[in-house]
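Structure record follows, encoded as structure tokens.
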2 protein chains.
Amino acid sequence: MLTGVQVLLIGGDARQLEVIRRLSELNASLTVSGFDGLRTLPGDISNSELREELFDKADAVILPAVGTDDAGLIPAAFSDSELLLTDGMFSRIPKYGTVYAGMARPYLKELCQKHGIALVELFERDDVAILNSIPTAEGAVKMAIEHTDITLHGSACMVLGLGRTGLTLVRTLLALGAQVYAGVHRPEHYARAAEMGAKPFYTRDLQDYAANIDLLFNTIPTMIVTAQMIAGMPSRAVIIDLASKPGGTDFRFAEKRGLKAILAPGLPGIVAPVTAGRIIADCVTQLILDDISTRGNEQ
Amino acid sequence: MLTGVQVLLIGGDARQLEVIRRLSELNASLTVSGFDGLRTLPGDISNSELREELFDKADAVILPAVGTDDAGLIPAAFSDSELLLTDGMFSRIPKYGTVYAGMARPYLKELCQKHGIALVELFERDDVAILNSIPTAEGAVKMAIEHTDITLHGSACMVLGLGRTGLTLVRTLLALGAQVYAGVHRPEHYARAAEMGAKPFYTRDLQDYAANIDLLFNTIPTMIVTAQMIAGMPSRAVIIDLASKPGGTDFRFAEKRGLKAILAPGLPGIVAPVTAGRIIADCVTQLILDDISTRGNEQ
């Protein structure tokens, strides 16, 4: 339980409702801001206007997936107010407080550093990234079914990168009956792809595998699906790029060649906001519990 | 090869383009009607206006998935002309000719019977139904991902009926990491579902399993998802009914209770027209080949 623990949650989308629900179930002393557009909130929490006093005594400050923008604005799907995170607010967070966000831009990182406040970027964590790869893979599967006129079953799919998302995607596509070509850099990834029943190849040989691909899923965040690669692919092929913006595909060339190429980052919050919210909620509550218990032991 | 074999193909949608492509590759003497809206056809076939002479010497007459409507009209996605199948046309089909359609309404059945022409309903065939269950399952998966805010992975899915579609769907959902409750009538289906790792139950106990279901997929074409069943389901649940029209769900009650319930028959032609077309093409060309070779042996 989080009884007596002061948590301030600001902004975000449907995912944060799951975080609010979980914190409320665990009996945290919860203050939320950026939800004035909703009539009711989980656990009958009421919305507070964002102001400096809210940060006093905060054990944890929870920001949304993207943290803030470059100017310090916190995105909030359920509010029209401008939620600006200021230096004044940070100066009131106790030294033992921690700020949680999916990821952090320089603005947020610098504020935390300046005031000596711990910052946790949840999406950088392996466990969160692995769990988030499930809704990402399902979103990719949905898009693949939508944008082709063939079944995934029996189709020739290429997955570039066997990281956390790539691995889940390879498993999912194999399970659906696709032939999966897995493009990897490292011998251990080659071995893993082979063990899973995929057809591994090294990305240096990428070009050799272009000609017979129905679907290409990219997870590598550097330019890898180049004009040369696209020129070698059949015109029926569909590219789904899951790497963070700007992706790893020459989208301009794909369009010129008439190939369907879609950049689809951030699928978990779109495809399965409740599951994605539970992933964040599970992780953040566990981290707060750990933090409180460590602090208790140190005292 | 089908060299010298006279085939007349009338109407239909994108699926029939695959049939035309295959027949043309096999060098059949092919006449097509109902494609005047397309500039080009596979194999450089040109479209003919529908008239009685086309039926003379036809070894095979291929109609679309639904055959004709109750008045004898043949649906044609690529034509604005009215394609009416008449008694006069049937009187010109040779006695050794065969009519192929996905399914046949009484109008078509009666014409075939009257003129002693063999009729093959392709969708009645086990092999075609099993292969069609693949795009059906993929379409159902796509809809499930689209209409829920959770992942299929970890969700509680119920599949009613372990026929050709039910079996494929159970396998697919298990492969995606869902918990699958399979509602069956027959002990051998109960055994098969258990073997696959699903949680089988008899449909007489259906009501007992209603309370914790995220998704219900129905394949049974009689009223089984009743008002009583729906009343026992959580309001977050989504019903996807794959049984032929009118489905097996009390849609009116579902709407009244605010449950999302979708009737989705005929998914293969919508979700994967090329794959669905290839399934028809493979089957129909094999049947024509068999027919020709049997006829050859009898002579």
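For the structure tokens, the naming scheme is as follows: chains receive sequential letters (A, B, ...) according to their order of presentation, residues are indexed from 1 within each chain, and ligands are indexed from 1 in presentation order.
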Requested in this report: Output the contact residues of chain A with respect to chain B at a cut-off of 8 Å, based on only C-alpha atoms, as a list in words.
Outcome: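 In the required form, that comes to Ile134, Pro135, Glu138, Gly139, Val141, Lys142, Ile145, Glu146, Thr148, Asp149, Ile150, Thr151, Leu152, His153, Thr172, Ala175, Leu176, Val271, Ala272, Pro273, Val274, Thr275 and Ala276 of chain A.
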Selected residues written out, N, CA and C atoms, as a PDB file, in the first residue's frame:
ATOM      1  N   ILE A 134       4.418  -5.517 -26.787  1.00  0.00           N
ATOM      2  CA  ILE A 134       3.230  -6.340 -27.094  1.00  0.00           C
ATOM      3  C   ILE A 134       2.159  -5.505 -27.808  1.00  0.00           C
ATOM      4  N   PRO A 135       1.702  -4.381 -27.212  1.00  0.00           N
ATOM      5  CA  PRO A 135       0.756  -3.568 -27.993  1.00  0.00           C
ATOM      6  C   PRO A 135       1.367  -3.026 -29.285  1.00  0.00           C
ATOM      7  N   GLU A 138       0.958  -5.813 -31.766  1.00  0.00           N
ATOM      8  CA  GLU A 138      -0.452  -5.985 -32.157  1.00  0.00           C
ATOM      9  C   GLU A 138      -0.896  -4.849 -33.074  1.00  0.00           C
ATOM     10  N   GLY A 139      -0.430  -3.648 -32.792  1.00  0.00           N
ATOM     11  CA  GLY A 139      -0.759  -2.521 -33.662  1.00  0.00           C
ATOM     12  C   GLY A 139      -0.167  -2.722 -35.050  1.00  0.00           C
ATOM     13  N   VAL A 141       0.502  -5.588 -36.457  1.00  0.00           N
ATOM     14  CA  VAL A 141      -0.270  -6.666 -37.091  1.00  0.00           C
ATOM     15  C   VAL A 141      -1.581  -6.117 -37.653  1.00  0.00           C
ATOM     16  N   LYS A 142      -2.255  -5.308 -36.867  1.00  0.00           N
ATOM     17  CA  LYS A 142      -3.514  -4.699 -37.316  1.00  0.00           C
ATOM     18  C   LYS A 142      -3.275  -3.892 -38.594  1.00  0.00           C
ATOM     19  N   ILE A 145      -2.617  -6.160 -41.610  1.00  0.00           N
ATOM     20  CA  ILE A 145      -3.844  -6.791 -42.134  1.00  0.00           C
ATOM     21  C   ILE A 145      -4.647  -5.753 -42.926  1.00  0.00           C
ATOM     22  N   GLU A 146      -4.697  -4.545 -42.398  1.00  0.00           N
ATOM     23  CA  GLU A 146      -5.459  -3.460 -43.005  1.00  0.00           C
ATOM     24  C   GLU A 146      -4.916  -3.039 -44.368  1.00  0.00           C
ATOM     25  N   THR A 148      -2.843  -4.590 -46.572  1.00  0.00           N
ATOM     26  CA  THR A 148      -2.520  -5.555 -47.620  1.00  0.00           C
ATOM     27  C   THR A 148      -3.799  -6.250 -48.064  1.00  0.00           C
ATOM     28  N   ASP A 149      -3.759  -6.869 -49.249  1.00  0.00           N
ATOM     29  CA  ASP A 149      -4.930  -7.646 -49.672  1.00  0.00           C
ATOM     30  C   ASP A 149      -4.628  -9.140 -49.641  1.00  0.00           C
ATOM     31  N   ILE A 150      -3.583  -9.487 -48.897  1.00  0.00           N
ATOM     32  CA  ILE A 150      -3.260 -10.900 -48.672  1.00  0.00           C
ATOM     33  C   ILE A 150      -3.325 -11.168 -47.167  1.00  0.00           C
ATOM     34  N   THR A 151      -3.285 -12.438 -46.789  1.00  0.00           N
ATOM     35  CA  THR A 151      -3.214 -12.762 -45.364  1.00  0.00           C
ATOM     36  C   THR A 151      -1.756 -12.686 -44.905  1.00  0.00           C
ATOM     37  N   LEU A 152      -1.560 -12.385 -43.616  1.00  0.00           N
ATOM     38  CA  LEU A 152      -0.218 -12.479 -43.036  1.00  0.00           C
ATOM     39  C   LEU A 152       0.243 -13.931 -43.107  1.00  0.00           C
ATOM     40  N   HIS A 153      -0.678 -14.843 -42.820  1.00  0.00           N
ATOM     41  CA  HIS A 153      -0.425 -16.274 -42.956  1.00  0.00           C
ATOM     42  C   HIS A 153       0.080 -16.558 -44.369  1.00  0.00           C
ATOM     43  N   THR A 172       5.346 -12.982 -32.976  1.00  0.00           N
ATOM     44  CA  THR A 172       3.931 -12.803 -33.311  1.00  0.00           C
ATOM     45  C   THR A 172       3.658 -13.180 -34.763  1.00  0.00           C
ATOM     46  N   ALA A 175       3.864 -16.857 -35.291  1.00  0.00           N
ATOM     47  CA  ALA A 175       2.683 -17.502 -34.704  1.00  0.00           C
ATOM     48  C   ALA A 175       1.476 -17.376 -35.626  1.00  0.00           C
ATOM     49  N   LEU A 176       1.449 -16.312 -36.425  1.00  0.00           N
ATOM     50  CA  LEU A 176       0.329 -16.115 -37.347  1.00  0.00           C
ATOM     51  C   LEU A 176       0.541 -16.855 -38.669  1.00  0.00           C
ATOM     52  N   VAL A 271      -3.201   1.968 -29.709  1.00  0.00           N
ATOM     53  CA  VAL A 271      -3.826   0.665 -29.951  1.00  0.00           C
ATOM     54  C   VAL A 271      -4.448   0.088 -28.682  1.00  0.00           C
ATOM     55  N   ALA A 272      -3.804   0.274 -27.548  1.00  0.00           N
ATOM     56  CA  ALA A 272      -4.264  -0.371 -26.320  1.00  0.00           C
ATOM     57  C   ALA A 272      -3.949   0.516 -25.117  1.00  0.00           C
ATOM     58  N   PRO A 273      -4.636   1.690 -25.048  1.00  0.00           N
ATOM     59  CA  PRO A 273      -4.306   2.634 -23.969  1.00  0.00           C
ATOM     60  C   PRO A 273      -4.476   2.047 -22.565  1.00  0.00           C
ATOM     61  N   VAL A 274      -5.444   1.148 -22.392  1.00  0.00           N
ATOM     62  CA  VAL A 274      -5.643   0.581 -21.056  1.00  0.00           C
ATOM     63  C   VAL A 274      -4.471  -0.324 -20.682  1.00  0.00           C
ATOM     64  N   THR A 275      -4.096  -1.222 -21.598  1.00  0.00           N
ATOM     65  CA  THR A 275      -2.944  -2.097 -21.333  1.00  0.00           C
ATOM     66  C   THR A 275      -1.684  -1.252 -21.149  1.00  0.00           C
ATOM     67  N   ALA A 276      -1.473  -0.273 -22.034  1.00  0.00           N
ATOM     68  CA  ALA A 276      -0.286   0.580 -21.942  1.00  0.00           C
ATOM     69  C   ALA A 276      -0.280   1.348 -20.624  1.00  0.00           C
TER      70      ALA A 276
END
Looking only at the backbone, which of the residues in stretch 152-217 of chain B does DSSP tag as helix (DSSP H, G or I), as a PDB file with N, CA, C and O atoms, in the first residue's frame?
ATOM      1  N   ARG B 164     -14.578 -25.204 -38.524  1.00  0.00           N
ATOM      2  CA  ARG B 164     -13.390 -24.857 -39.298  1.00  0.00           C
ATOM      3  C   ARG B 164     -12.889 -23.467 -38.938  1.00  0.00           C
ATOM      4  O   ARG B 164     -11.699 -23.262 -38.736  1.00  0.00           O
ATOM      5  N   THR B 165     -13.785 -22.505 -38.782  1.00  0.00           N
ATOM      6  CA  THR B 165     -13.368 -21.149 -38.397  1.00  0.00           C
ATOM      7  C   THR B 165     -12.987 -21.081 -36.920  1.00  0.00           C
ATOM      8  O   THR B 165     -11.975 -20.471 -36.557  1.00  0.00           O
ATOM      9  N   GLY B 166     -13.780 -21.725 -36.072  1.00  0.00           N
ATOM     10  CA  GLY B 166     -13.523 -21.679 -34.629  1.00  0.00           C
ATOM     11  C   GLY B 166     -12.139 -22.218 -34.290  1.00  0.00           C
ATOM     12  O   GLY B 166     -11.394 -21.627 -33.505  1.00  0.00           O
ATOM     13  N   LEU B 167     -11.774 -23.333 -34.922  1.00  0.00           N
ATOM     14  CA  LEU B 167     -10.488 -23.965 -34.644  1.00  0.00           C
ATOM     15  C   LEU B 167      -9.329 -23.035 -35.014  1.00  0.00           C
ATOM     16  O   LEU B 167      -8.381 -22.845 -34.247  1.00  0.00           O
ATOM     17  N   THR B 168      -9.411 -22.423 -36.198  1.00  0.00           N
ATOM     18  CA  THR B 168      -8.354 -21.508 -36.643  1.00  0.00           C
ATOM     19  C   THR B 168      -8.270 -20.300 -35.710  1.00  0.00           C
ATOM     20  O   THR B 168      -7.177 -19.838 -35.361  1.00  0.00           O
ATOM     21  N   LEU B 169      -9.419 -19.818 -35.298  1.00  0.00           N
ATOM     22  CA  LEU B 169      -9.456 -18.638 -34.435  1.00  0.00           C
ATOM     23  C   LEU B 169      -8.861 -18.955 -33.058  1.00  0.00           C
ATOM     24  O   LEU B 169      -8.089 -18.158 -32.511  1.00  0.00           O
ATOM     25  N   VAL B 170      -9.188 -20.111 -32.514  1.00  0.00           N
ATOM     26  CA  VAL B 170      -8.631 -20.521 -31.216  1.00  0.00           C
ATOM     27  C   VAL B 170      -7.103 -20.593 -31.318  1.00  0.00           C
ATOM     28  O   VAL B 170      -6.387 -20.047 -30.477  1.00  0.00           O
ATOM     29  N   ARG B 171      -6.618 -21.243 -32.355  1.00  0.00           N
ATOM     30  CA  ARG B 171      -5.170 -21.350 -32.550  1.00  0.00           C
ATOM     31  C   ARG B 171      -4.527 -19.964 -32.647  1.00  0.00           C
ATOM     32  O   ARG B 171      -3.506 -19.690 -32.020  1.00  0.00           O
ATOM     33  N   THR B 172      -5.136 -19.088 -33.434  1.00  0.00           N
ATOM     34  CA  THR B 172      -4.584 -17.754 -33.658  1.00  0.00           C
ATOM     35  C   THR B 172      -4.562 -16.938 -32.369  1.00  0.00           C
ATOM     36  O   THR B 172      -3.557 -16.298 -32.040  1.00  0.00           O
ATOM     37  N   LEU B 173      -5.649 -16.960 -31.624  1.00  0.00           N
ATOM     38  CA  LEU B 173      -5.724 -16.172 -30.387  1.00  0.00           C
ATOM     39  C   LEU B 173      -4.738 -16.707 -29.346  1.00  0.00           C
ATOM     40  O   LEU B 173      -4.083 -15.934 -28.645  1.00  0.00           O
ATOM     41  N   LEU B 174      -4.626 -18.035 -29.240  1.00  0.00           N
ATOM     42  CA  LEU B 174      -3.644 -18.620 -28.318  1.00  0.00           C
ATOM     43  C   LEU B 174      -2.242 -18.174 -28.705  1.00  0.00           C
ATOM     44  O   LEU B 174      -1.426 -17.812 -27.855  1.00  0.00           O
ATOM     45  N   ALA B 175      -1.965 -18.179 -30.011  1.00  0.00           N
ATOM     46  CA  ALA B 175      -0.644 -17.803 -30.493  1.00  0.00           C
ATOM     47  C   ALA B 175      -0.326 -16.352 -30.159  1.00  0.00           C
ATOM     48  O   ALA B 175       0.836 -15.983 -29.996  1.00  0.00           O
ATOM     49  N   PRO B 187     -17.973 -33.756 -27.483  1.00  0.00           N
ATOM     50  CA  PRO B 187     -16.812 -34.173 -26.676  1.00  0.00           C
ATOM     51  C   PRO B 187     -15.503 -34.166 -27.453  1.00  0.00           C
ATOM     52  O   PRO B 187     -14.448 -33.859 -26.891  1.00  0.00           O
ATOM     53  N   GLU B 188     -15.545 -34.485 -28.754  1.00  0.00           N
ATOM     54  CA  GLU B 188     -14.294 -34.481 -29.513  1.00  0.00           C
ATOM     55  C   GLU B 188     -13.763 -33.057 -29.701  1.00  0.00           C
ATOM     56  O   GLU B 188     -12.557 -32.835 -29.769  1.00  0.00           O
ATOM     57  N   HIS B 189     -14.677 -32.096 -29.764  1.00  0.00           N
ATOM     58  CA  HIS B 189     -14.231 -30.701 -29.834  1.00  0.00           C
ATOM     59  C   HIS B 189     -13.687 -30.238 -28.478  1.00  0.00           C
ATOM     60  O   HIS B 189     -12.722 -29.487 -28.412  1.00  0.00           O
ATOM     61  N   TYR B 190     -14.309 -30.710 -27.421  1.00  0.00           N
ATOM     62  CA  TYR B 190     -13.825 -30.419 -26.061  1.00  0.00           C
ATOM     63  C   TYR B 190     -12.380 -30.923 -25.936  1.00  0.00           C
ATOM     64  O   TYR B 190     -11.479 -30.201 -25.485  1.00  0.00           O
ATOM     65  N   ALA B 191     -12.166 -32.157 -26.390  1.00  0.00           N
ATOM     66  CA  ALA B 191     -10.831 -32.772 -26.314  1.00  0.00           C
ATOM     67  C   ALA B 191      -9.823 -31.989 -27.148  1.00  0.00           C
ATOM     68  O   ALA B 191      -8.698 -31.725 -26.717  1.00  0.00           O
ATOM     69  N   ARG B 192     -10.245 -31.585 -28.365  1.00  0.00           N
ATOM     70  CA  ARG B 192      -9.327 -30.867 -29.251  1.00  0.00           C
ATOM     71  C   ARG B 192      -8.942 -29.509 -28.648  1.00  0.00           C
ATOM     72  O   ARG B 192      -7.772 -29.112 -28.660  1.00  0.00           O
ATOM     73  N   ALA B 193      -9.919 -28.811 -28.112  1.00  0.00           N
ATOM     74  CA  ALA B 193      -9.644 -27.506 -27.503  1.00  0.00           C
ATOM     75  C   ALA B 193      -8.679 -27.659 -26.329  1.00  0.00           C
ATOM     76  O   ALA B 193      -7.741 -26.865 -26.165  1.00  0.00           O
ATOM     77  N   ALA B 194      -8.881 -28.700 -25.531  1.00  0.00           N
ATOM     78  CA  ALA B 194      -7.979 -28.954 -24.396  1.00  0.00           C
ATOM     79  C   ALA B 194      -6.568 -29.244 -24.895  1.00  0.00           C
ATOM     80  O   ALA B 194      -5.579 -28.704 -24.385  1.00  0.00           O
ATOM     81  N   GLU B 195      -6.473 -30.092 -25.920  1.00  0.00           N
ATOM     82  CA  GLU B 195      -5.165 -30.423 -26.509  1.00  0.00           C
ATOM     83  C   GLU B 195      -4.423 -29.175 -26.974  1.00  0.00           C
ATOM     84  O   GLU B 195      -3.208 -29.060 -26.838  1.00  0.00           O
ATOM     85  N   MET B 196      -5.178 -28.209 -27.518  1.00  0.00           N
ATOM     86  CA  MET B 196      -4.563 -26.990 -28.057  1.00  0.00           C
ATOM     87  C   MET B 196      -4.121 -26.014 -26.969  1.00  0.00           C
ATOM     88  O   MET B 196      -3.462 -25.024 -27.257  1.00  0.00           O
ATOM     89  N   THR B 203     -21.322 -25.616 -24.258  1.00  0.00           N
ATOM     90  CA  THR B 203     -22.148 -24.415 -24.441  1.00  0.00           C
ATOM     91  C   THR B 203     -23.381 -24.416 -23.522  1.00  0.00           C
ATOM     92  O   THR B 203     -23.922 -23.360 -23.245  1.00  0.00           O
ATOM     93  N   ARG B 204     -23.785 -25.604 -23.028  1.00  0.00           N
ATOM     94  CA  ARG B 204     -24.915 -25.599 -22.068  1.00  0.00           C
ATOM     95  C   ARG B 204     -24.528 -24.837 -20.788  1.00  0.00           C
ATOM     96  O   ARG B 204     -25.398 -24.353 -20.065  1.00  0.00           O
ATOM     97  N   ASP B 205     -23.223 -24.719 -20.506  1.00  0.00           N
ATOM     98  CA  ASP B 205     -22.761 -23.989 -19.325  1.00  0.00           C
ATOM     99  C   ASP B 205     -22.303 -22.561 -19.660  1.00  0.00           C
ATOM    100  O   ASP B 205     -21.667 -21.894 -18.841  1.00  0.00           O
ATOM    101  N   LEU B 206     -22.632 -22.130 -20.874  1.00  0.00           N
ATOM    102  CA  LEU B 206     -22.177 -20.839 -21.395  1.00  0.00           C
ATOM    103  C   LEU B 206     -22.298 -19.705 -20.371  1.00  0.00           C
ATOM    104  O   LEU B 206     -21.361 -18.930 -20.147  1.00  0.00           O
ATOM    105  N   GLN B 207     -23.464 -19.641 -19.758  1.00  0.00           N
ATOM    106  CA  GLN B 207     -23.782 -18.557 -18.829  1.00  0.00           C
ATOM    107  C   GLN B 207     -22.727 -18.421 -17.708  1.00  0.00           C
ATOM    108  O   GLN B 207     -22.397 -17.328 -17.289  1.00  0.00           O
ATOM    109  N   ASP B 208     -22.183 -19.573 -17.276  1.00  0.00           N
ATOM    110  CA  ASP B 208     -21.210 -19.571 -16.169  1.00  0.00           C
ATOM    111  C   ASP B 208     -19.914 -18.856 -16.547  1.00  0.00           C
ATOM    112  O   ASP B 208     -19.120 -18.497 -15.672  1.00  0.00           O
ATOM    113  N   TYR B 209     -19.667 -18.715 -17.854  1.00  0.00           N
ATOM    114  CA  TYR B 209     -18.390 -18.155 -18.301  1.00  0.00           C
ATOM    115  C   TYR B 209     -18.513 -16.703 -18.767  1.00  0.00           C
ATOM    116  O   TYR B 209     -17.559 -16.122 -19.258  1.00  0.00           O
TER     117      TYR B 209
END
With the cut-off set at 8 Å and counting only C-alpha atoms, tabulate each residue of stretch 42-107 of chain B with an atom at most that distance from an atom of stretch 117-126 of chain B, showing the nearest atom pair and its distance in Å to one decimal, ordered by chain and increasing number, as a Markdown table.
| residue | atom | partner | partner_atom | distance |
| --- | --- | --- | --- | --- |
| B:Ala65 | CA | B:Phe123 | CA | 8.0 |
| B:Ile93 | CA | B:Ile117 | CA | 7.7 |
| B:Lys95 | CA | B:Ile117 | CA | 6.1 |
| B:Tyr96 | CA | B:Ile117 | CA | 7.4 |
| B:Gly97 | CA | B:Ile117 | CA | 6.4 |
| B:Thr98 | CA | B:Ala118 | CA | 4.8 |
| B:Val99 | CA | B:Leu119 | CA | 4.8 |
| B:Tyr100 | CA | B:Val120 | CA | 4.9 |
| B:Ala101 | CA | B:Glu121 | CA | 5.2 |
| B:Gly102 | CA | B:Leu122 | CA | 4.7 |
| B:Met103 | CA | B:Glu121 | CA | 4.8 |
| B:Ala104 | CA | B:Glu121 | CA | 6.5 |
Selection from above, all heavy atoms, as a tab-separated table (two decimals), in the first residue's frame, can you write it?
chain	number	residue	atom	x	y	z
B	65	ALA	N	-18.74	-15.48	-55.59
B	65	ALA	CA	-18.91	-16.06	-54.26
B	65	ALA	C	-20.38	-16.32	-53.93
B	65	ALA	O	-20.73	-17.40	-53.49
B	65	ALA	CB	-18.29	-15.13	-53.21
B	93	ILE	N	-25.82	-24.51	-72.14
B	93	ILE	CA	-24.64	-25.15	-71.53
B	93	ILE	C	-24.66	-26.64	-71.89
B	93	ILE	O	-25.68	-27.29	-71.74
B	93	ILE	CB	-24.67	-25.00	-69.99
B	93	ILE	CG1	-24.73	-23.52	-69.56
B	93	ILE	CG2	-23.46	-25.68	-69.34
B	93	ILE	CD1	-24.86	-23.30	-68.07
B	95	LYS	N	-24.26	-30.68	-71.67
B	95	LYS	CA	-24.59	-31.57	-70.54
B	95	LYS	C	-23.35	-31.88	-69.69
B	95	LYS	O	-23.47	-32.17	-68.50
B	95	LYS	CB	-25.24	-32.87	-71.04
B	95	LYS	CG	-26.62	-32.69	-71.62
B	95	LYS	CD	-27.60	-32.08	-70.59
B	95	LYS	CE	-28.77	-31.38	-71.30
B	95	LYS	NZ	-29.36	-30.27	-70.52
B	96	TYR	N	-22.17	-31.88	-70.31
B	96	TYR	CA	-20.94	-32.16	-69.54
B	96	TYR	C	-20.42	-30.93	-68.81
B	96	TYR	O	-19.43	-30.99	-68.09
B	96	TYR	CB	-19.86	-32.73	-70.47
B	96	TYR	CG	-19.55	-31.85	-71.67
B	96	TYR	CD1	-18.79	-30.69	-71.54
B	96	TYR	CD2	-20.03	-32.16	-72.94
B	96	TYR	CE1	-18.52	-29.86	-72.63
B	96	TYR	CE2	-19.78	-31.35	-74.03
B	96	TYR	CZ	-19.01	-30.20	-73.87
B	96	TYR	OH	-18.78	-29.40	-74.95
B	97	GLY	N	-21.07	-29.79	-68.99
B	97	GLY	CA	-20.63	-28.54	-68.33
B	97	GLY	C	-20.89	-28.56	-66.84
B	97	GLY	O	-21.73	-29.31	-66.34
B	98	THR	N	-20.12	-27.75	-66.11
B	98	THR	CA	-20.31	-27.62	-64.66
B	98	THR	C	-20.39	-26.14	-64.30
B	98	THR	O	-19.65	-25.33	-64.86
B	98	THR	CB	-19.13	-28.26	-63.89
B	98	THR	OG1	-19.02	-29.63	-64.28
B	98	THR	CG2	-19.35	-28.20	-62.38
B	99	VAL	N	-21.27	-25.82	-63.36
B	99	VAL	CA	-21.37	-24.45	-62.86
B	99	VAL	C	-20.71	-24.40	-61.48
B	99	VAL	O	-20.99	-25.23	-60.61
B	99	VAL	CB	-22.84	-23.98	-62.78
B	99	VAL	CG1	-22.94	-22.63	-62.07
B	99	VAL	CG2	-23.45	-23.90	-64.17
B	100	TYR	N	-19.80	-23.44	-61.30
B	100	TYR	CA	-19.11	-23.24	-60.02
B	100	TYR	C	-19.53	-21.90	-59.42
B	100	TYR	O	-19.55	-20.89	-60.12
B	100	TYR	CB	-17.60	-23.22	-60.22
B	100	TYR	CG	-17.03	-24.50	-60.79
B	100	TYR	CD1	-16.90	-24.68	-62.17
B	100	TYR	CD2	-16.65	-25.54	-59.95
B	100	TYR	CE1	-16.40	-25.87	-62.69
B	100	TYR	CE2	-16.15	-26.73	-60.47
B	100	TYR	CZ	-16.03	-26.89	-61.83
B	100	TYR	OH	-15.54	-28.05	-62.34
B	101	ALA	N	-19.84	-21.92	-58.13
B	101	ALA	CA	-20.14	-20.67	-57.42
B	101	ALA	C	-19.72	-20.87	-55.97
B	101	ALA	O	-19.60	-22.00	-55.51
B	101	ALA	CB	-21.62	-20.33	-57.51
B	102	GLY	N	-19.48	-19.75	-55.26
B	102	GLY	CA	-19.18	-19.88	-53.84
B	102	GLY	C	-20.32	-20.59	-53.13
B	102	GLY	O	-20.14	-21.59	-52.46
B	103	MET	N	-21.49	-20.02	-53.32
B	103	MET	CA	-22.70	-20.68	-52.80
B	103	MET	C	-23.83	-20.43	-53.79
B	103	MET	O	-23.70	-19.61	-54.70
B	103	MET	CB	-23.06	-20.19	-51.41
B	103	MET	CG	-22.94	-18.69	-51.23
B	103	MET	SD	-22.74	-18.28	-49.47
B	103	MET	CE	-22.16	-16.59	-49.57
B	104	ALA	N	-24.96	-21.16	-53.62
B	104	ALA	CA	-26.05	-21.05	-54.58
B	104	ALA	C	-27.38	-20.84	-53.87
B	104	ALA	O	-27.71	-21.55	-52.93
B	104	ALA	CB	-26.11	-22.30	-55.45
Which polymer residues have any atom within 9 Å of an atom of A:Glu49, counting only C-alpha atoms, with same-chain residues fewer than 6 positions away left out, as a PDB file with N, CA, C and O atoms, in the first residue's frame?
ATOM      1  N   VAL A  32      -4.105  15.327  -8.660  1.00  0.00           N
ATOM      2  CA  VAL A  32      -3.955  15.270 -10.113  1.00  0.00           C
ATOM      3  C   VAL A  32      -4.281  16.631 -10.727  1.00  0.00           C
ATOM      4  O   VAL A  32      -5.125  17.371 -10.230  1.00  0.00           O
ATOM      5  N   SER A  33      -3.620  16.912 -11.838  1.00  0.00           N
ATOM      6  CA  SER A  33      -3.834  18.172 -12.532  1.00  0.00           C
ATOM      7  C   SER A  33      -3.820  17.899 -14.035  1.00  0.00           C
ATOM      8  O   SER A  33      -3.047  17.063 -14.517  1.00  0.00           O
ATOM      9  N   GLY A  34      -4.695  18.581 -14.764  1.00  0.00           N
ATOM     10  CA  GLY A  34      -4.740  18.378 -16.221  1.00  0.00           C
ATOM     11  C   GLY A  34      -5.845  17.437 -16.639  1.00  0.00           C
ATOM     12  O   GLY A  34      -5.798  16.850 -17.720  1.00  0.00           O
ATOM     13  N   ASP A  36      -9.300  18.437 -16.047  1.00  0.00           N
ATOM     14  CA  ASP A  36     -10.528  19.210 -15.835  1.00  0.00           C
ATOM     15  C   ASP A  36     -11.590  18.933 -16.888  1.00  0.00           C
ATOM     16  O   ASP A  36     -12.766  19.215 -16.681  1.00  0.00           O
ATOM     17  N   SER A  81      -6.316  23.716 -20.490  1.00  0.00           N
ATOM     18  CA  SER A  81      -5.399  24.645 -19.823  1.00  0.00           C
ATOM     19  C   SER A  81      -3.972  24.369 -20.263  1.00  0.00           C
ATOM     20  O   SER A  81      -3.624  23.268 -20.672  1.00  0.00           O
TER      21      SER A  81
END
Could you find all residues in stretch 135-289 of chain A that DSSP calls strand (DSSP E) from the backbone, and write them as a compact mmCIF listing (two decimals) with C-alpha atoms, in the first residue's frame?
# COMPACT_ATOMS: atom_id res chain seq x y z
CA ALA A 156 6.84 -13.06 -46.65
CA CYS A 157 7.60 -10.63 -43.82
CA MET A 158 10.89 -8.93 -43.05
CA VAL A 159 11.63 -7.62 -39.57
CA LEU A 160 14.66 -5.33 -39.21
CA GLN A 179 7.49 -16.58 -43.24
CA VAL A 180 9.74 -14.22 -41.30
CA TYR A 181 13.10 -12.91 -42.48
CA ALA A 182 14.89 -11.28 -39.54
CA GLY A 183 17.59 -8.72 -40.36
CA VAL A 184 20.15 -8.51 -37.54
CA LYS A 199 15.12 -16.95 -41.38
CA PRO A 200 17.93 -14.71 -40.09
CA PHE A 201 20.27 -12.62 -42.23
CA TYR A 202 22.81 -9.89 -41.58
CA LEU A 215 5.76 -6.67 -45.71
CA LEU A 216 8.72 -4.94 -44.13
CA PHE A 217 8.64 -3.98 -40.44
CA ASN A 218 11.48 -1.74 -39.35
CA VAL A 238 4.10 -2.42 -47.58
CA ILE A 239 6.60 -0.83 -45.16
CA ILE A 240 5.58 -0.33 -41.52
CA ASP A 241 8.21 1.67 -39.67
CA LYS A 260 2.92 2.17 -49.21
CA ALA A 261 5.18 3.18 -46.30
CA ILE A 262 3.79 4.14 -42.91
CA LEU A 263 5.61 5.64 -39.92
